[in-house]
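Structure below is work-v6.txt: compact mmCIF, C-alpha atoms.
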```
# COMPACT_ATOMS: atom_id res chain seq x y z
CA MET A 296 -55.21 -78.28 32.59
CA LEU A 297 -56.00 -81.97 32.21
CA ASN A 298 -56.63 -84.19 35.21
CA LEU A 299 -55.19 -87.69 35.41
CA ARG A 300 -58.16 -89.11 33.55
CA GLY A 301 -57.76 -86.48 30.87
CA LYS A 302 -54.09 -87.36 30.46
CA LEU A 303 -54.90 -91.04 30.07
CA VAL A 304 -57.61 -90.29 27.50
CA THR A 305 -55.28 -87.99 25.58
CA GLY A 306 -52.59 -90.65 25.57
CA ALA A 307 -55.06 -93.21 24.27
CA VAL A 308 -56.22 -90.84 21.52
CA LEU A 309 -52.62 -90.21 20.42
CA ALA A 310 -51.82 -93.92 20.46
CA GLY A 311 -54.96 -94.53 18.40
CA ALA A 312 -53.86 -91.87 15.95
CA PHE A 313 -50.52 -93.63 15.45
CA VAL A 314 -52.25 -96.97 14.94
CA GLY A 315 -54.76 -95.36 12.59
CA LEU A 316 -51.86 -94.15 10.46
CA GLY A 317 -50.35 -97.60 10.48
CA ILE A 318 -47.54 -96.49 12.82
CA THR A 319 -47.02 -98.09 16.21
CA THR A 320 -45.04 -96.29 18.94
CA THR A 321 -42.24 -98.85 18.43
CA THR A 322 -42.18 -98.09 14.71
CA ALA A 323 -42.16 -94.35 15.40
CA THR A 324 -39.14 -94.74 17.70
CA ALA A 325 -37.34 -96.84 15.09
CA GLN A 326 -38.04 -94.22 12.41
CA ALA A 327 -36.71 -91.47 14.66
CA SER A 328 -33.63 -93.57 15.42
CA SER A 329 -32.98 -94.10 11.70
CA LYS A 330 -32.41 -90.35 11.32
CA TYR A 331 -29.17 -90.57 13.32
CA LEU A 332 -25.79 -92.17 12.79
CA LYS A 333 -24.80 -94.71 15.40
CA PRO A 334 -22.77 -93.32 18.32
CA GLN A 335 -19.22 -92.64 17.13
CA PHE A 336 -15.83 -92.12 18.76
CA GLY A 337 -12.55 -91.38 17.04
CA THR A 338 -14.10 -91.60 13.58
CA TYR A 339 -14.44 -89.17 10.69
CA VAL A 340 -17.51 -87.70 9.03
CA ARG A 341 -18.08 -85.26 6.20
CA ALA A 342 -20.63 -82.47 6.40
CA LYS A 343 -23.41 -83.01 3.86
CA ARG A 344 -24.46 -79.37 4.14
CA ASN A 345 -23.22 -76.14 5.74
CA VAL A 346 -23.45 -76.66 9.49
CA TYR A 347 -22.24 -75.29 12.85
CA VAL A 348 -20.65 -78.00 15.00
CA GLY A 349 -19.42 -76.14 18.10
CA ILE A 350 -16.08 -75.02 16.63
CA SER A 351 -15.07 -71.35 16.90
CA GLN A 352 -12.34 -69.44 15.07
CA LYS A 353 -10.27 -66.59 16.41
CA HIS A 354 -10.76 -63.15 14.88
CA GLY A 355 -8.56 -60.57 16.55
CA ARG A 356 -9.12 -61.03 20.26
CA THR A 357 -12.47 -62.77 20.00
CA TYR A 358 -13.78 -66.10 18.76
CA ARG A 359 -16.71 -66.49 16.39
CA PRO A 360 -18.68 -69.64 15.53
CA LEU A 361 -17.15 -71.29 12.47
CA LEU A 362 -19.52 -72.46 9.76
CA LYS A 363 -18.26 -75.76 8.38
CA LYS A 364 -18.93 -75.92 4.68
CA ARG A 365 -20.48 -78.85 2.85
CA GLY A 366 -17.80 -81.48 2.27
CA SER A 367 -15.73 -80.50 5.31
CA LEU A 368 -13.95 -83.37 7.05
CA LEU A 369 -14.60 -83.54 10.80
CA PHE A 370 -13.27 -85.69 13.63
CA VAL A 371 -15.89 -87.07 16.05
CA MET A 372 -14.40 -86.67 19.52
CA SER A 373 -17.28 -88.38 21.28
CA SER A 374 -21.03 -88.92 21.12
CA THR A 375 -23.82 -89.84 23.52
CA GLN A 376 -27.26 -91.37 23.35
CA ASP A 377 -29.53 -91.31 26.37
CA GLN A 378 -31.07 -94.65 27.26
CA GLY A 379 -34.42 -95.05 25.53
CA SER A 380 -33.86 -92.03 23.28
CA PRO A 381 -33.17 -92.19 19.53
CA VAL A 382 -31.24 -88.90 19.62
CA VAL A 383 -27.46 -89.12 19.17
CA LYS A 384 -25.44 -85.98 19.93
CA ALA A 385 -21.73 -85.48 19.26
CA SER A 386 -18.76 -83.16 19.72
CA PHE A 387 -16.32 -82.40 16.91
CA THR A 388 -12.88 -81.07 16.09
CA SER A 389 -11.22 -80.41 12.75
CA GLY A 390 -8.79 -83.25 13.49
CA ALA A 391 -5.04 -83.13 12.86
CA VAL A 392 -4.80 -79.97 10.74
CA HIS A 393 -1.86 -77.62 10.18
CA TYR A 394 -0.55 -75.71 13.19
CA ASN A 395 -1.37 -72.28 11.71
CA ARG A 396 -5.00 -73.32 11.38
CA LEU A 397 -5.33 -75.29 14.60
CA LYS A 398 -3.94 -72.52 16.82
CA LYS A 399 -6.89 -70.28 15.86
CA LEU A 400 -9.59 -72.79 16.74
CA ALA A 401 -11.54 -73.44 19.92
CA PHE A 402 -13.88 -76.35 20.62
CA THR A 403 -17.01 -76.82 22.73
CA MET A 404 -16.05 -80.42 23.64
CA THR A 405 -19.55 -81.28 24.82
CA ASP A 406 -21.86 -83.65 22.96
CA SER A 407 -24.38 -81.05 21.82
CA VAL A 408 -24.71 -81.39 18.03
CA PRO A 409 -27.30 -83.87 16.69
CA LEU A 410 -25.45 -86.51 14.66
CA THR A 411 -28.07 -86.75 11.94
CA LYS A 412 -27.72 -88.59 8.65
CA ALA A 413 -29.09 -85.48 6.95
CA ASN A 414 -26.05 -83.44 8.06
CA PHE A 415 -23.21 -85.98 8.31
CA LYS A 416 -21.83 -88.99 6.48
CA LYS A 417 -19.34 -91.39 8.07
CA VAL A 418 -16.17 -91.78 5.98
CA SER A 419 -12.84 -93.59 6.08
CA LEU A 420 -9.58 -91.87 5.24
CA LYS A 421 -8.07 -92.90 1.91
CA ALA A 422 -4.67 -92.52 3.61
CA PRO A 423 -5.36 -93.77 7.16
CA ILE A 424 -1.82 -92.89 8.24
CA ARG A 425 -2.82 -89.21 8.48
CA GLY A 426 -2.58 -87.94 12.03
CA THR A 427 -0.17 -90.74 12.97
CA VAL A 428 2.97 -89.63 14.85
CA LEU A 429 5.92 -91.28 13.08
CA ARG A 430 9.05 -91.26 15.24
CA GLN A 431 12.55 -91.82 13.92
CA GLY A 432 14.21 -95.06 15.06
CA ASN A 433 13.50 -98.69 15.85
CA GLY A 434 11.41 -98.11 18.97
CA PHE A 435 11.45 -96.23 22.26
CA LYS A 436 14.85 -95.84 23.89
CA GLU A 437 15.42 -94.00 27.15
CA ASP A 438 17.96 -91.18 26.79
CA ARG A 439 20.41 -89.87 29.41
CA HIS A 440 17.79 -87.41 30.66
CA GLY A 441 15.26 -90.16 31.34
CA GLY A 442 13.12 -89.15 28.36
CA PHE A 443 12.05 -90.80 25.13
CA VAL A 444 12.90 -88.14 22.58
CA SER A 445 13.32 -88.69 18.85
CA PRO A 446 12.50 -86.52 15.80
CA MET A 447 9.09 -87.15 14.28
CA PHE A 448 6.65 -86.04 11.60
CA TYR A 449 3.04 -86.57 10.64
CA LEU A 450 0.68 -85.95 7.73
CA THR A 451 -2.16 -83.52 8.38
CA LEU A 452 -5.72 -83.86 7.15
CA ASP A 453 -5.34 -80.62 5.18
CA ASN A 454 -2.34 -81.91 3.22
CA TYR A 455 0.81 -80.81 5.04
CA ILE A 456 3.82 -82.66 6.37
CA GLN A 457 4.71 -81.30 9.81
CA TYR A 458 8.21 -82.13 11.04
CA TYR A 459 9.55 -81.82 14.61
CA SER A 460 13.26 -81.87 15.40
CA ARG A 461 14.76 -83.52 18.47
CA ALA A 462 14.88 -80.11 20.19
CA ALA A 463 11.18 -79.54 19.50
CA MET A 464 10.28 -82.98 20.81
CA SER A 465 12.31 -82.33 23.96
CA LYS A 466 10.03 -79.35 24.51
CA TYR A 467 6.72 -80.97 23.61
CA ASP A 468 7.06 -84.69 24.26
CA SER A 469 9.96 -85.85 26.40
CA GLY A 470 7.62 -88.45 27.92
CA GLY A 471 6.79 -90.14 24.62
CA GLU A 472 3.05 -89.57 24.90
CA MET A 473 2.34 -87.20 22.00
CA GLN A 474 -0.84 -87.74 19.99
CA VAL A 475 -2.20 -85.42 17.33
CA GLN A 476 -5.16 -87.15 15.71
CA PHE A 477 -7.74 -85.55 18.04
CA GLY A 478 -6.82 -82.05 16.90
CA ASN A 479 -7.98 -80.41 20.14
CA GLY A 480 -6.57 -77.47 22.08
CA MET A 481 -3.98 -79.67 23.83
CA GLU A 482 -2.37 -80.68 20.54
CA VAL A 483 -1.18 -77.30 19.29
CA TYR A 484 2.49 -78.05 18.64
CA LYS A 485 4.49 -75.62 16.50
CA PRO A 486 6.45 -77.60 13.88
CA THR A 487 10.14 -77.11 13.16
CA ALA A 488 9.30 -77.19 9.45
CA SER A 489 6.34 -77.99 7.23
CA ALA A 490 5.67 -78.51 3.53
CA LYS A 491 2.58 -78.70 1.37
CA MET A 492 1.71 -82.18 0.17
CA THR A 493 1.00 -82.21 -3.56
CA LYS A 494 0.05 -85.85 -4.11
CA THR A 495 -0.72 -88.83 -1.89
CA THR A 496 -1.28 -92.38 -3.05
CA VAL A 497 -1.81 -95.62 -1.15
CA LYS A 498 -0.93 -99.05 -2.50
CA GLY A 499 -1.07 -101.98 -0.13
CA ASN A 500 0.94 -101.15 3.01
CA THR A 501 2.76 -98.21 1.38
CA THR A 502 1.73 -94.56 1.37
CA THR A 503 3.63 -92.41 -1.14
CA VAL A 504 3.71 -88.68 -0.46
CA ARG A 505 5.00 -85.91 -2.68
CA TYR A 506 5.59 -82.45 -1.22
CA ASN A 507 6.84 -79.09 -2.41
CA LYS A 508 10.03 -78.28 -0.51
CA TYR A 509 13.00 -79.87 1.19
CA ILE A 510 12.68 -80.60 4.92
CA LYS A 511 15.94 -81.10 6.76
CA GLY A 512 15.67 -84.20 8.93
CA LEU A 513 13.34 -86.15 6.64
CA PRO A 514 14.81 -88.81 4.33
CA GLY A 515 13.02 -87.29 1.34
CA LYS A 516 14.09 -87.96 -2.23
CA LYS A 517 14.08 -85.18 -4.83
CA VAL A 518 12.05 -86.36 -7.82
CA GLY A 519 11.53 -83.07 -9.67
CA LYS A 520 11.79 -79.31 -9.47
CA HIS A 521 10.35 -78.30 -6.07
CA THR A 522 9.13 -81.88 -5.62
CA TYR A 523 10.27 -84.36 -2.97
CA GLN A 524 8.95 -87.79 -2.14
CA ILE A 525 8.77 -90.20 0.77
CA LYS A 526 7.40 -93.72 0.80
CA ILE A 527 5.96 -94.73 4.16
CA LYS A 528 5.69 -98.50 4.53
CA ASN A 529 3.76 -100.12 7.36
CA LEU A 530 5.74 -103.27 8.16
CA LYS A 531 2.77 -104.76 10.01
CA THR A 532 5.02 -105.69 12.94
CA THR A 533 5.02 -104.42 16.51
CA GLY A 534 7.46 -103.88 19.36
CA ARG A 535 7.35 -103.48 23.13
CA ARG A 536 9.86 -102.48 25.79
CA TYR A 537 9.71 -101.83 29.55
CA PHE A 538 11.76 -99.35 31.56
CA ASP A 539 12.56 -98.63 35.20
CA ASP A 540 11.65 -102.06 36.58
CA ASP A 541 8.55 -102.23 34.38
CA TYR A 542 7.19 -98.92 35.71
CA TRP A 543 7.16 -97.47 32.20
CA GLY A 544 6.37 -99.33 29.02
CA GLY A 545 6.33 -98.50 25.35
CA SER A 546 4.57 -100.28 22.52
CA TRP A 547 4.70 -99.39 18.85
CA ASP A 548 4.08 -100.30 15.23
CA ASN A 549 7.05 -100.50 12.89
CA TYR A 550 7.42 -98.50 9.67
CA THR A 551 10.07 -97.48 7.19
CA VAL A 552 10.31 -94.10 5.46
CA ASN A 553 12.32 -94.38 2.25
CA GLY A 554 13.91 -97.43 3.82
CA LYS A 555 14.82 -95.73 7.12
CA PRO A 556 13.34 -97.14 10.38
CA TYR A 557 10.42 -95.27 11.99
CA PHE A 558 7.77 -96.27 14.50
CA SER A 559 4.46 -95.11 15.90
CA GLY A 560 3.46 -95.61 19.53
CA ILE A 561 3.26 -94.15 23.01
CA ILE A 562 4.79 -94.63 26.45
CA ASN A 563 2.41 -95.80 29.18
CA ASP A 564 2.71 -95.52 32.95
CA TYR A 565 2.14 -98.92 34.56
CA GLY A 566 2.95 -97.75 38.09
```
Represent the supplied structure as structure tokens.
Amino acid sequence: MLNLRGKLVTGAVLAGAFVGLGITTTTATAQASSKYLKPQFGTYVRAKRNVYVGISQKHGRTYRPLLKKRGSLLFVMSSTQDQGSPVVKASFTSGAVHYNRLKKLAFTMTDSVPLTKANFKKVSLKAPIRGTVLRQGNGFKEDRHGGFVSPMFYLTLDNYIQYYSRAAMSKYDSGGEMQVQFGNGMEVYKPTASAKMTKTTVKGNTTTVRYNKYIKGLPGKKVGKHTYQIKIKNLKTTGRRYFDDDYWGGSWDNYTVNGKPYFSGIINDYG
């Protein structure tokens, strides 16, 4: 066991070793830091190799750690970096995936997985509208029950359209606060109907989606045998409305779906 003098000598020897190799302690810290992505929140990464990220999948009555395969798309819920440390750790979900898949998943939700460049690559969605709740109408309107209910749909990351009728939204989201992009355990909403997306293209402000079966409630256009299409146009305009003497407020972005008005936003409590 080294005494204080021994510790100081050892530290000096190690520092000398770094300098002898042409590496200062500052350089060593910078090199260690370069192994990690910058802290992320609400972004997407792809796995560069098979990796466990704190997600478990249900098998019977138990959950087992789920190995995410190389190329898997992951949503970064949060990440942390201790002051003075190069290490960045993160927590992940699978993002807004189909209900049948999401309901079988469980998440650690603690920043425990090193966010290394060797394992993960930051990416942007080719169709950034995925995971966006698109509500039917021109903006939030309070109904006779004091809620903000309208049918909605969204595009999942694993290529499904999930549609929710007015009745379903009355059950899940009468307050107008639904979000799905995080894909965590609080966002397991059973859809009224869903269809497999067969092709998605983005041109300017318009996302064109083809899918394989008719969904009642969506303004889809039949363009072939077992093929329907919607064109989602981001109008790049916004709206805002207050309710109950400004206690509640809604803000949204305006869209059209095959020419019909839709919007994306949430109700906030300003009380």
> Val346 of chain A: which residues within 9 Å, counting only C-alpha atoms, same-chain residues fewer than 2 positions away excluded, as a list in words?
Replying inline: Ala342, Lys343, Arg344, Val348, Leu361, Leu362, Lys363, Lys364, Arg365 and Asn414 of chain A
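When only C-alpha atoms are used to measure the gap to Gly554 of chain A, the shortest distance among A:Thr451, A:Thr522, A:Ser460, A:Gln431 belongs to A:Gln431.
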>> Report, in Å with one decimal, the straight-line distance from atom CA of Lys555 of chain A to atom CA of Leu513 of chain A.
In response: 9.7 Å
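Of the residues listed (A:Ser329, A:Gly560, A:Tyr537, A:Gln457), A:Gln457 shows the shortest atom-to-atom separation from Val483 of chain A; distances use all atoms listed in the file.
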>> (-8.9, -68.8, 14.5) in this file's frame - what residues fall within 9 Å of it? Use only C-alpha atoms and give the answer as a list of chain:residue names.
In response: A:Ser351, A:Gln352, A:Lys353, A:His354, A:Gly355, A:Thr357, A:Tyr358, A:Arg359, A:Leu361, A:Asn395, A:Arg396, A:Leu397, A:Lys398, A:Lys399, A:Leu400, A:Ala401
>> Nearest residue to Arg536 of chain A out of A:Arg505, A:Lys498, A:Lys436, A:Lys417, using all atoms listed in the file?
In response: A:Lys436
> If you count all atoms listed in the file, which residues fall within 8 Å of Val340 of chain A, apart from same-chain ones fewer than 6 positions away, as a count of residues only?
Replying inline: 8
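Residues having any atom no farther than 9 Å from (-3.5, -84.5, 9.5) (counting all atoms listed in the file) are A:Gly390, A:Ala391, A:Val392, A:His393, A:Ile424, A:Arg425, A:Gly426, A:Thr427, A:Tyr449, A:Leu450, A:Thr451, A:Leu452, A:Asp453, A:Asn454, A:Tyr455, A:Ile456, A:Gln457, A:Val475, A:Gln476, A:Gly478.
What separates atom CA of Tyr484 of chain A from atom CA of Arg356 of chain A is a distance of 20.7 Å.
In this comparison, which uses all atoms listed in the file, the residue of A:Pro360, A:Pro486, A:Gly366, A:Pro381 approaching Arg341 of chain A most closely is A:Gly366.
Each of A:Pro409, A:Pro514, A:Gly545, A:Gly442 was checked against Gly349 of chain A using all atoms listed in the file; the smallest atom-to-atom distance is that of A:Pro409.
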>> Nearest residue to Met473 of chain A out of A:Tyr459, A:Tyr557, A:Tyr542, A:Phe402, using only C-alpha atoms?
In response: A:Tyr459
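Across the structure, atom CA of Ser367 of chain A and atom CA of Thr405 of chain A are spaced 19.9 Å apart.
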> Quick one: residues within 9 Å of Ser419 of chain A, only C-alpha atoms counted, chain neighbours fewer than 3 positions away excluded, as a VMD selection string?
Replying inline: chain A and resid 338 to 340 422 to 423
